[in-house]
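For reference, work.csv (CSV, C-alpha atoms and all ligand atoms):
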```
chain,number,residue,atom,x,y,z
P,261,MET,CA,-35.2,-5.9,18.5
P,262,ARG,CA,-36.2,-2.4,19.2
P,263,ARG,CA,-34.0,-2.3,22.3
P,264,GLN,CA,-31.1,-3.6,20.4
P,265,ARG,CA,-31.4,-0.9,17.7
P,266,ARG,CA,-31.4,1.7,20.5
P,267,LYS,CA,-28.3,0.1,22.0
P,268,VAL,CA,-26.5,0.2,18.6
P,269,SER,CA,-27.6,3.8,18.1
P,270,ALA,CA,-26.2,4.9,21.4
P,271,CYS,CA,-23.0,3.0,20.6
P,272,GLY,CA,-22.7,4.8,17.3
P,273,ALA,CA,-23.1,8.2,19.0
P,274,GLU,CA,-20.4,7.2,21.5
P,275,ARG,CA,-18.1,6.2,18.7
P,276,ALA,CA,-18.6,9.5,16.9
P,277,ARG,CA,-17.6,11.3,20.1
P,278,THR,CA,-14.5,9.2,20.7
P,279,THR,CA,-13.2,9.1,17.1
P,280,GLY,CA,-14.2,12.6,16.0
P,281,ARG,CA,-12.2,15.8,16.3
P,282,THR,CA,-13.6,19.3,16.2
P,283,ALA,CA,-12.0,22.7,16.1
P,284,SER,CA,-13.0,26.3,15.6
P,285,VAL,CA,-10.8,29.2,14.4
P,286,LEU,CA,-11.9,32.8,14.3
P,287,ILE,CA,-9.9,34.8,11.8
P,288,ILE,CA,-10.2,38.5,11.5
P,289,ASP,CA,-8.2,39.9,8.5
P,290,THR,CA,-7.6,43.5,9.2
P,291,VAL,CA,-6.3,44.1,5.7
P,292,SER,CA,-9.4,42.8,3.8
P,293,HIS,CA,-11.8,43.6,6.7
P,294,ILE,CA,-13.3,40.1,6.6
P,295,SER,CA,-14.2,38.1,9.7
P,296,MET,CA,-14.1,34.4,9.0
P,297,LEU,CA,-15.2,31.8,11.7
P,298,ALA,CA,-14.1,28.4,10.5
P,299,ALA,CA,-15.6,25.4,12.5
P,300,MET,CA,-14.2,22.0,11.5
P,301,ALA,CA,-15.0,18.4,12.4
P,302,THR,CA,-13.6,15.2,11.2
P,303,SER,CA,-14.3,11.6,12.1
P,304,ALA,CA,-12.3,8.4,11.2
P,305,GLY,CA,-14.5,5.9,9.5
P,306,HIS,CA,-12.8,2.8,10.8
P,307,PRO,CA,-12.0,2.3,14.5
P,308,GLY,CA,-8.3,1.6,14.9
P,309,ARG,CA,-7.4,3.0,11.5
P,310,VAL,CA,-5.9,6.4,10.9
P,311,ASN,CA,-8.2,9.1,9.4
P,312,GLU,CA,-7.1,9.8,5.8
P,313,ASP,CA,-9.1,13.0,5.5
P,314,PHE,CA,-7.3,16.4,6.3
P,315,VAL,CA,-8.9,19.7,7.2
P,316,GLY,CA,-7.3,23.0,8.2
P,317,ALA,CA,-7.7,26.8,8.0
P,318,VAL,CA,-5.4,29.8,7.9
P,319,PRO,CA,-6.5,33.5,7.6
P,320,GLY,CA,-8.6,33.7,4.5
P,321,ALA,CA,-8.4,30.1,3.3
P,322,VAL,CA,-9.7,26.6,4.1
P,323,VAL,CA,-8.3,23.3,2.9
P,324,LEU,CA,-10.1,19.9,2.9
P,325,LEU,CA,-8.6,16.7,1.4
P,326,ASP,CA,-9.9,13.2,1.3
P,327,GLY,CA,-7.2,10.5,0.8
P,328,ALA,CA,-8.1,7.6,-1.4
P,329,GLY,CA,-7.2,4.3,0.3
P,330,ILE,CA,-6.5,2.0,-2.6
P,331,PRO,CA,-5.6,-1.7,-1.7
P,332,GLY,CA,-2.0,-2.3,-2.7
P,333,ALA,CA,-0.8,1.3,-2.2
P,334,GLU,CA,1.2,0.3,0.8
P,335,SER,CA,3.7,-1.6,-1.4
P,336,LEU,CA,4.1,1.4,-3.7
P,337,CYS,CA,4.6,4.1,-1.0
P,338,ARG,CA,6.3,3.5,2.3
P,339,HIS,CA,4.6,6.6,3.8
P,340,GLY,CA,0.9,5.7,3.2
P,341,VAL,CA,-2.2,7.6,2.2
P,342,ALA,CA,-2.6,9.5,5.6
P,343,TRP,CA,0.9,10.8,5.3
P,344,TYR,CA,0.2,12.0,1.8
P,345,THR,CA,-3.0,13.9,2.6
P,346,HIS,CA,-1.5,15.5,5.7
P,347,ARG,CA,1.7,16.4,3.9
P,348,LEU,CA,-0.2,17.9,0.9
P,349,GLY,CA,-2.7,19.6,3.2
P,350,GLY,CA,0.0,21.2,5.3
P,351,THR,CA,1.9,22.3,2.2
P,352,LEU,CA,-1.3,23.9,0.8
P,353,LEU,CA,-2.0,25.8,4.1
P,354,GLY,CA,1.6,27.0,4.3
P,355,ARG,CA,1.4,28.4,0.7
P,356,LEU,CA,-2.1,29.9,1.2
P,357,SER,CA,-1.1,31.6,4.5
P,358,ARG,CA,1.4,33.7,2.6
P,359,GLY,CA,-1.4,35.5,0.8
P,360,GLY,CA,-0.6,36.9,-2.7
P,361,ALA,CA,-2.4,36.7,-6.0
P,362,GLN,CA,-1.2,33.3,-7.1
P,363,SER,CA,-4.2,31.3,-8.6
P,364,LEU,CA,-5.5,28.3,-6.7
P,365,VAL,CA,-4.6,26.2,-9.7
P,366,SER,CA,-1.0,27.3,-9.4
P,367,VAL,CA,-1.0,26.9,-5.6
P,368,LEU,CA,-2.2,23.3,-5.9
P,369,ALA,CA,0.1,22.5,-8.8
P,370,ASP,CA,3.1,23.7,-6.8
P,371,ALA,CA,2.0,21.8,-3.7
P,372,ILE,CA,1.5,18.5,-5.6
P,373,ASP,CA,5.0,18.9,-7.2
P,374,GLN,CA,6.6,19.7,-3.8
P,375,VAL,CA,5.1,16.7,-2.0
P,376,ALA,CA,5.9,14.4,-5.0
P,377,GLY,CA,9.5,15.6,-4.8
P,378,GLU,CA,9.6,14.5,-1.1
P,379,HIS,CA,9.1,10.8,-1.9
P,380,ARG,CA,9.7,10.3,-5.6
P,381,SER,CA,13.1,8.8,-4.9
P,382,THR,CA,11.8,6.2,-2.4
P,383,CYS,CA,8.3,5.4,-3.8
P,384,ASP,CA,6.6,4.3,-7.0
P,385,LEU,CA,4.6,7.4,-7.7
P,386,ALA,CA,4.0,6.7,-11.4
P,387,ASP,CA,1.8,3.7,-10.5
P,388,PRO,CA,-1.9,4.7,-10.8
P,389,SER,CA,-2.5,3.4,-7.3
P,390,SER,CA,0.1,5.4,-5.4
P,391,PRO,CA,-1.3,7.7,-2.6
P,392,GLN,CA,-3.8,10.3,-3.9
P,393,ALA,CA,-6.4,12.7,-2.6
P,394,THR,CA,-9.4,14.8,-3.5
P,395,VAL,CA,-8.9,18.5,-3.0
P,396,ALA,CA,-11.3,21.3,-1.9
P,397,LEU,CA,-9.9,24.8,-1.5
P,398,LEU,CA,-11.6,28.0,-0.5
P,399,ARG,CA,-9.9,31.4,-0.4
P,400,VAL,CA,-11.5,34.8,0.4
P,401,ASP,CA,-10.4,38.4,0.0
P,402,SER,CA,-12.3,41.6,0.5
P,403,GLU,CA,-14.4,41.2,-2.6
P,404,ARG,CA,-14.8,37.5,-3.5
P,405,ALA,CA,-14.4,33.9,-2.6
P,406,ASP,CA,-12.4,31.7,-5.0
P,407,TYR,CA,-12.8,27.9,-4.9
P,408,LEU,CA,-11.1,24.9,-6.4
P,409,MET,CA,-12.6,21.4,-6.5
P,410,LEU,CA,-10.8,18.2,-7.6
P,411,ALA,CA,-12.6,14.9,-7.5
P,412,ASP,CA,-15.7,14.1,-5.4
P,413,SER,CA,-15.8,16.5,-2.4
P,414,HIS,CA,-18.6,19.1,-2.3
P,415,LEU,CA,-18.8,22.9,-1.7
P,416,LEU,CA,-21.9,24.6,-0.5
P,417,LEU,CA,-22.2,28.4,-0.9
P,418,GLY,CA,-24.9,30.0,1.2
P,419,ALA,CA,-26.6,33.0,-0.3
P,420,THR,CA,-27.8,36.2,1.4
P,421,THR,CA,-31.0,36.0,-0.5
P,422,GLY,CA,-32.0,32.9,1.4
P,423,GLU,CA,-32.1,30.8,-1.8
P,424,CYS,CA,-30.9,27.2,-1.9
P,425,PRO,CA,-27.1,27.1,-1.6
P,426,LYS,CA,-25.0,26.8,-4.7
P,427,VAL,CA,-23.5,23.4,-4.9
P,428,VAL,CA,-20.1,22.8,-6.6
P,429,THR,CA,-18.4,19.5,-7.2
P,430,ASP,CA,-16.2,17.8,-9.7
P,431,VAL,CA,-18.5,15.1,-11.2
P,432,ARG,CA,-15.9,13.2,-13.2
P,433,GLU,CA,-14.8,10.6,-10.6
P,434,VAL,CA,-18.3,9.5,-9.8
P,435,ALA,CA,-19.2,9.5,-13.5
P,436,VAL,CA,-16.3,7.3,-14.5
P,437,ARG,CA,-17.0,5.0,-11.5
P,438,ARG,CA,-20.6,4.7,-12.7
P,439,GLU,CA,-19.5,3.8,-16.3
P,440,CYS,CA,-17.1,1.2,-15.0
P,441,THR,CA,-19.6,-0.5,-12.7
P,442,ALA,CA,-22.3,-0.6,-15.4
P,443,ARG,CA,-20.7,-3.9,-16.6
P,444,LEU,CA,-21.7,-5.5,-13.2
P,445,GLU,CA,-25.4,-5.0,-13.8
P,446,GLY,CA,-27.4,-8.2,-14.0
P,447,LEU,CA,-24.5,-10.4,-12.7
P,448,GLU,CA,-25.0,-12.4,-9.5
P,449,ALA,CA,-22.6,-11.2,-6.8
P,450,GLY,CA,-20.0,-13.9,-6.0
P,451,SER,CA,-20.4,-15.6,-9.4
P,452,ARG,CA,-17.4,-16.2,-11.7
P,453,ASP,CA,-18.9,-13.8,-14.3
P,454,HIS,CA,-19.3,-11.1,-11.6
P,455,GLN,CA,-15.7,-11.5,-10.4
P,456,VAL,CA,-14.4,-11.3,-14.0
P,457,ALA,CA,-16.4,-8.1,-14.6
P,458,LEU,CA,-15.4,-6.7,-11.3
P,459,ASP,CA,-11.7,-7.2,-12.1
P,460,ALA,CA,-12.2,-5.5,-15.5
P,461,CYS,CA,-14.1,-2.6,-13.8
P,462,LYS,CA,-11.2,-2.0,-11.3
P,463,GLN,CA,-8.7,-2.1,-14.2
P,464,GLU,CA,-10.7,0.4,-16.3
P,465,PHE,CA,-11.2,2.8,-13.3
P,466,ARG,CA,-7.5,2.6,-12.5
P,467,SER,CA,-6.5,3.3,-16.1
P,468,ARG,CA,-8.7,6.4,-16.4
P,469,ARG,CA,-7.2,8.1,-13.4
P,470,ASN,CA,-5.4,11.4,-14.3
P,471,GLN,CA,-6.0,10.7,-17.9
P,472,PRO,CA,-7.9,12.8,-20.6
P,473,GLY,CA,-11.4,11.5,-20.8
P,474,GLY,CA,-11.2,10.0,-17.3
P,475,TYR,CA,-11.0,11.8,-13.9
P,476,TRP,CA,-8.4,13.8,-12.1
P,477,ILE,CA,-7.1,13.7,-8.5
P,478,ALA,CA,-4.1,15.1,-6.6
P,479,LYS,CA,-1.3,12.5,-6.9
P,480,ASP,CA,2.2,13.0,-8.4
P,481,ASP,CA,1.2,15.0,-11.5
P,482,PRO,CA,0.9,18.8,-11.1
P,483,GLN,CA,-1.1,18.8,-14.4
P,484,ALA,CA,-4.0,17.5,-12.4
P,485,ALA,CA,-4.5,21.0,-10.9
P,486,GLU,CA,-5.2,22.4,-14.3
P,487,GLU,CA,-8.1,20.0,-14.6
P,488,ALA,CA,-9.8,21.2,-11.4
P,489,VAL,CA,-13.3,22.8,-11.3
P,490,THR,CA,-12.7,26.4,-10.3
P,491,GLY,CA,-14.7,29.6,-9.9
P,492,ALA,CA,-15.4,32.7,-7.8
P,493,VAL,CA,-18.5,34.3,-6.2
P,494,PRO,CA,-18.9,37.9,-4.9
P,495,LEU,CA,-18.5,38.1,-1.2
P,496,ALA,CA,-21.3,40.6,-1.0
P,497,GLY,CA,-23.9,37.8,-1.7
P,498,LEU,CA,-22.3,35.2,0.5
P,499,THR,CA,-23.3,34.2,4.0
P,500,ASP,CA,-21.4,31.0,4.7
P,501,VAL,CA,-19.6,28.1,3.1
P,502,ALA,CA,-19.3,24.4,3.8
P,503,LEU,CA,-16.7,22.0,2.4
P,504,LEU,CA,-17.6,18.3,2.7
P,505,SER,CA,-15.8,15.1,2.1
P,506,ASN,CA,-17.8,12.3,0.4
P,507,GLY,CA,-18.1,10.4,3.7
P,508,VAL,CA,-20.5,13.1,5.0
P,509,THR,CA,-22.3,13.9,1.7
P,510,ARG,CA,-23.8,10.4,2.2
P,511,LEU,CA,-26.4,12.1,4.4
P,512,VAL,CA,-27.8,13.6,1.1
P,513,ASP,CA,-27.0,10.7,-1.3
P,514,PRO,CA,-27.6,7.8,-0.7
P,515,TYR,CA,-29.1,8.1,2.8
P,516,GLY,CA,-31.6,10.8,1.9
P,517,LEU,CA,-31.6,12.2,5.4
P,518,ALA,CA,-30.8,15.8,4.3
P,519,THR,CA,-30.9,18.1,1.3
P,520,TRP,CA,-28.0,20.5,0.5
P,521,SER,CA,-30.1,23.2,2.1
P,522,THR,CA,-30.9,21.3,5.3
P,523,LEU,CA,-27.3,20.1,5.6
P,524,LEU,CA,-26.0,23.7,5.5
P,525,ASP,CA,-28.7,24.7,8.0
P,526,ARG,CA,-27.6,22.0,10.4
P,527,CYS,CA,-24.0,23.3,10.1
P,528,ARG,CA,-25.4,26.8,11.0
P,529,THR,CA,-27.5,25.8,13.9
P,530,ASP,CA,-25.7,22.9,15.5
P,531,GLY,CA,-22.2,22.9,14.0
P,532,PRO,CA,-20.2,20.3,12.0
P,533,GLY,CA,-19.7,18.0,15.0
P,534,ALA,CA,-23.5,17.5,15.3
P,535,VAL,CA,-23.6,16.7,11.5
P,536,LEU,CA,-21.0,14.0,12.0
P,537,GLU,CA,-22.8,12.5,15.0
P,538,GLU,CA,-26.1,12.3,13.1
P,539,LEU,CA,-24.2,10.5,10.3
P,540,ARG,CA,-22.6,8.0,12.6
P,541,ARG,CA,-25.8,7.3,14.5
P,542,HIS,CA,-27.6,6.5,11.2
P,543,GLU,CA,-24.8,4.3,9.9
P,544,ALA,CA,-24.8,2.3,13.2
P,545,ASP,CA,-28.6,1.9,12.9
P,546,ILE,CA,-28.4,0.5,9.4
P,547,SER,CA,-25.1,-1.4,10.0
P,548,GLU,CA,-23.6,0.4,7.1
P,549,PRO,CA,-19.7,0.6,6.9
P,550,SER,CA,-18.6,4.1,7.4
P,551,ASP,CA,-16.0,6.2,5.7
P,552,ASP,CA,-13.8,9.0,7.0
P,553,ALA,CA,-16.0,12.1,7.1
P,554,THR,CA,-15.1,15.8,7.4
P,555,VAL,CA,-16.9,19.1,7.4
P,556,ALA,CA,-15.4,22.6,7.3
P,557,TYR,CA,-18.0,25.3,7.9
P,558,SER,CA,-17.2,29.0,7.6
P,559,THR,CA,-19.2,32.1,8.3
P,560,LEU,CA,-18.1,35.3,6.5
P,561,ARG,CA,-18.8,38.8,7.7
P,562,GLN,CA,-17.6,42.3,6.8
P,563,VAL,CA,-15.7,43.9,9.7
P,564,PRO,CA,-16.6,47.6,10.1
P,565,THR,CA,-13.8,49.8,8.7
P,566,PRO,CA,-12.3,52.1,11.5
P,567,VAL,CA,-13.0,55.8,10.9
P,601,ZN,ZN,5.9,7.6,-0.3
```
Show me, as structure tokens, the structure contained in the file I just sent.
Ligand SMILES: [Zn+2]
Amino acid sequence: MRRQRRKVSACGAERARTTGRTASVLIIDTVSHISMLAAMATSAGHPGRVNEDFVGAVPGAVVLLDGAGIPGAESLCRHGVAWYTHRLGGTLLGRLSRGGAQSLVSVLADAIDQVAGEHRSTCDLADPSSPQATVALLRVDSERADYLMLADSHLLLGATTGECPKVVTDVREVAVRRECTARLEGLEAGSRDHQVALDACKQEFRSRRNQPGGYWIAKDDPQAAEEAVTGAVPLAGLTDVALLSNGVTRLVDPYGLATWSTLLDRCRTDGPGAVLEELRRHEADISEPSDDATVAYSTLRQVPTPV
């Protein structure tokens, strides 16, 4: 039994290496005098299936999206969820690379509208189950870091004081899901009552998507951008930043293998790739189905101004 667990663990590590992709980009902005080293890693959750997460960086900005794979979406959109996340991610990077003072809300609203326009004539975008994605954006200039979070990805902001990182997320998707699944409590899985309640749960969750009182996610409606969680922190007190999709925040909840502080520390010391390998090893050990998982970790430093 022990030998078998070791074998599965080794297999999990191998899978992480073969399905994961890592990249590092060093960006020195000579205008704002900021050095940003962005290290990124992403891992498909299902062997043989395309990764529906997207991550990328341009000078001064990082984008991380997590595509929501909803059964039935294939019949609504001929392009698929991965196409949507990569199209929206590429559009966001293109717009952020131009610089300028446009708000992140406005950048996201324009990008949602642009991508919706690319397939509205061929696909049923009005259906609540058409392709959609969570959004995490970070943009830095010489004085501050702006962020935008839509749905359940996480942002960790490391402080120069050494205190615990500030954690930012949009809690509404998880809260609505919890409310919907409450009706399943006490019902035996597989029973008729459980199935009826499960169907009702799915219908309620679907009906509260991109609706007031529900939760918001990037899809076809630019209005969703207005509902994002946004903020800014002074660059002077900031050491580093991590954007995390919900496939990797499992290390904190529910697995309990890390805290937000130790997760950010692991990014610092070993990098995002090591974080994902630890995640996949654990999931192989406990035979837990994995999800697409992505980390974008950035260090921020002031570049000395030439005299
Ligand atoms: Zn489409």
For chain P versus ligand ZN 601 (chain P), which residues have an atom no more than 7 Å away, and what is each residue's nearest atom pair and distance in Å rounded to one decimal, using all atoms listed in the file, chain-then-number order, as JSON lines?
```
{"residue": "P:Cys337", "atom": "CA", "partner": "P:ZN601", "partner_atom": "ZN", "distance": 3.8}
{"residue": "P:Arg338", "atom": "CA", "partner": "P:ZN601", "partner_atom": "ZN", "distance": 4.9}
{"residue": "P:His339", "atom": "CA", "partner": "P:ZN601", "partner_atom": "ZN", "distance": 4.4}
{"residue": "P:Gly340", "atom": "CA", "partner": "P:ZN601", "partner_atom": "ZN", "distance": 6.4}
{"residue": "P:His379", "atom": "CA", "partner": "P:ZN601", "partner_atom": "ZN", "distance": 4.8}
{"residue": "P:Thr382", "atom": "CA", "partner": "P:ZN601", "partner_atom": "ZN", "distance": 6.4}
{"residue": "P:Cys383", "atom": "CA", "partner": "P:ZN601", "partner_atom": "ZN", "distance": 4.8}
```
Item to complete: Go through P:Ser381, P:Gln471, P:Thr509, P:Thr490 and flag the residue nearest Val428 (chain P), using only C-alpha atoms for the distances.
Response: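 Nearest candidate to Val428 (chain P) out of P:Ser381, P:Gln471, P:Thr509, P:Thr490: P:Thr490.
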Practice prompt. For CA of Asp430 (chain P) and CA of Val508 (chain P), determine how far apart the two atoms are, in Å to one decimal place.
Written response: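 CA of Asp430 (chain P) sits 16.0 Å away from CA of Val508 (chain P).
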Fill in: Point-to-point distance from CA of Ala488 (chain P) to CA of Ile294 (chain P), Å rounded to tenths
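Separation between CA of Ala488 (chain P) and CA of Ile294 (chain P): 26.3 Å.
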Worksheet item: Counting all atoms listed in the file, which of P:Leu517, P:Ala411, P:Ala502, P:Leu495 gets nearest to Ser295 (chain P)?
Response: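 Closest candidate: P:Leu495.
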Worksheet item: Leaving out region 433-446 of chain P and any residue of its chain fewer than 6 positions from it, which residues lie within 12 Å of it when counting only C-alpha atoms, given as an MDAnalysis selection string?
Response: chainID P and resid 328 393:394 409:413 452:477 488 506
Worksheet item: What does the distance between CA of Leu417 (chain P) and CA of Leu368 (chain P) come to in Å, to one decimal place?
Response: 21.2 Å
Worksheet item: Between P:Ala484, P:Val323, P:Val427, P:Val535, which is the closest to Ala518 (chain P) once you count all atoms listed in the file?
Response: P:Val535
Worksheet item: Mind listing as a PyMOL selection string all residues within 7 Å of (-16.2, 17.2, 3.2), counting all atoms listed in the file?
Response: chain P and resi 324+413-414+503-506+508+553-556
Selection: 12 Å around Thr522 (chain P), all atoms listed in the file, excl. self and same-chain fewer than 3 positions, as a short mmCIF file (atom, residue, chain, number, x, y, z; two decimals) with C-alpha atoms, in the frame of the given file:
```
data_model
loop_
_atom_site.label_atom_id
_atom_site.label_comp_id
_atom_site.auth_asym_id
_atom_site.auth_seq_id
_atom_site.Cartn_x
_atom_site.Cartn_y
_atom_site.Cartn_z
CA LEU P 416 -21.90 24.60 -0.50
CA GLY P 418 -24.90 30.00 1.20
CA GLU P 423 -32.10 30.80 -1.80
CA CYS P 424 -30.90 27.20 -1.90
CA PRO P 425 -27.10 27.10 -1.60
CA THR P 509 -22.30 13.90 1.70
CA LEU P 511 -26.40 12.10 4.40
CA VAL P 512 -27.80 13.60 1.10
CA GLY P 516 -31.60 10.80 1.90
CA LEU P 517 -31.60 12.20 5.40
CA ALA P 518 -30.80 15.80 4.30
CA THR P 519 -30.90 18.10 1.30
CA ASP P 525 -28.70 24.70 8.00
CA ARG P 526 -27.60 22.00 10.40
CA CYS P 527 -24.00 23.30 10.10
CA ARG P 528 -25.40 26.80 11.00
CA THR P 529 -27.50 25.80 13.90
CA ASP P 530 -25.70 22.90 15.50
CA VAL P 535 -23.60 16.70 11.50
#
```
Fill in: Nearest-residue call for Arg355 (chain P), choices P:Gly332, P:Gly280, P:Pro391, P:Gly320, using only C-alpha atoms
P:Gly320
Fill in: Near-Gly360 (chain P) list (12 Å; only C-alpha atoms; drop same-chain fewer than 5 positions) as a list in words
Gly320, Ala321, Arg355, Ser366, Val367, Arg399, Val400 and Asp401 of chain P
Near Tyr407 (chain P), counting all atoms listed in the file, which residues have an atom at most 6 Å away, once you skip same-chain residues fewer than 6 positions from it, shown as an mmCIF file with C-alpha atoms, in the coordinates of the input?
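File around14.cif, as written:
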```cif
data_model
loop_
_atom_site.group_PDB
_atom_site.id
_atom_site.type_symbol
_atom_site.label_atom_id
_atom_site.label_comp_id
_atom_site.auth_asym_id
_atom_site.auth_seq_id
_atom_site.Cartn_x
_atom_site.Cartn_y
_atom_site.Cartn_z
ATOM 1 C CA LEU P 397 -9.900 24.800 -1.500
ATOM 2 C CA LEU P 398 -11.600 28.000 -0.500
ATOM 3 C CA THR P 490 -12.700 26.400 -10.300
ATOM 4 C CA GLY P 491 -14.700 29.600 -9.900
#
```
Item to complete: Compare P:Gly507, P:Val285, P:Leu297, P:Leu523 by their minimum atom-to-atom distance to Pro549 (chain P), counting all atoms listed in the file, and give me the closest one.
Response: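 The answer is P:Gly507, which sits nearest to Pro549 (chain P).
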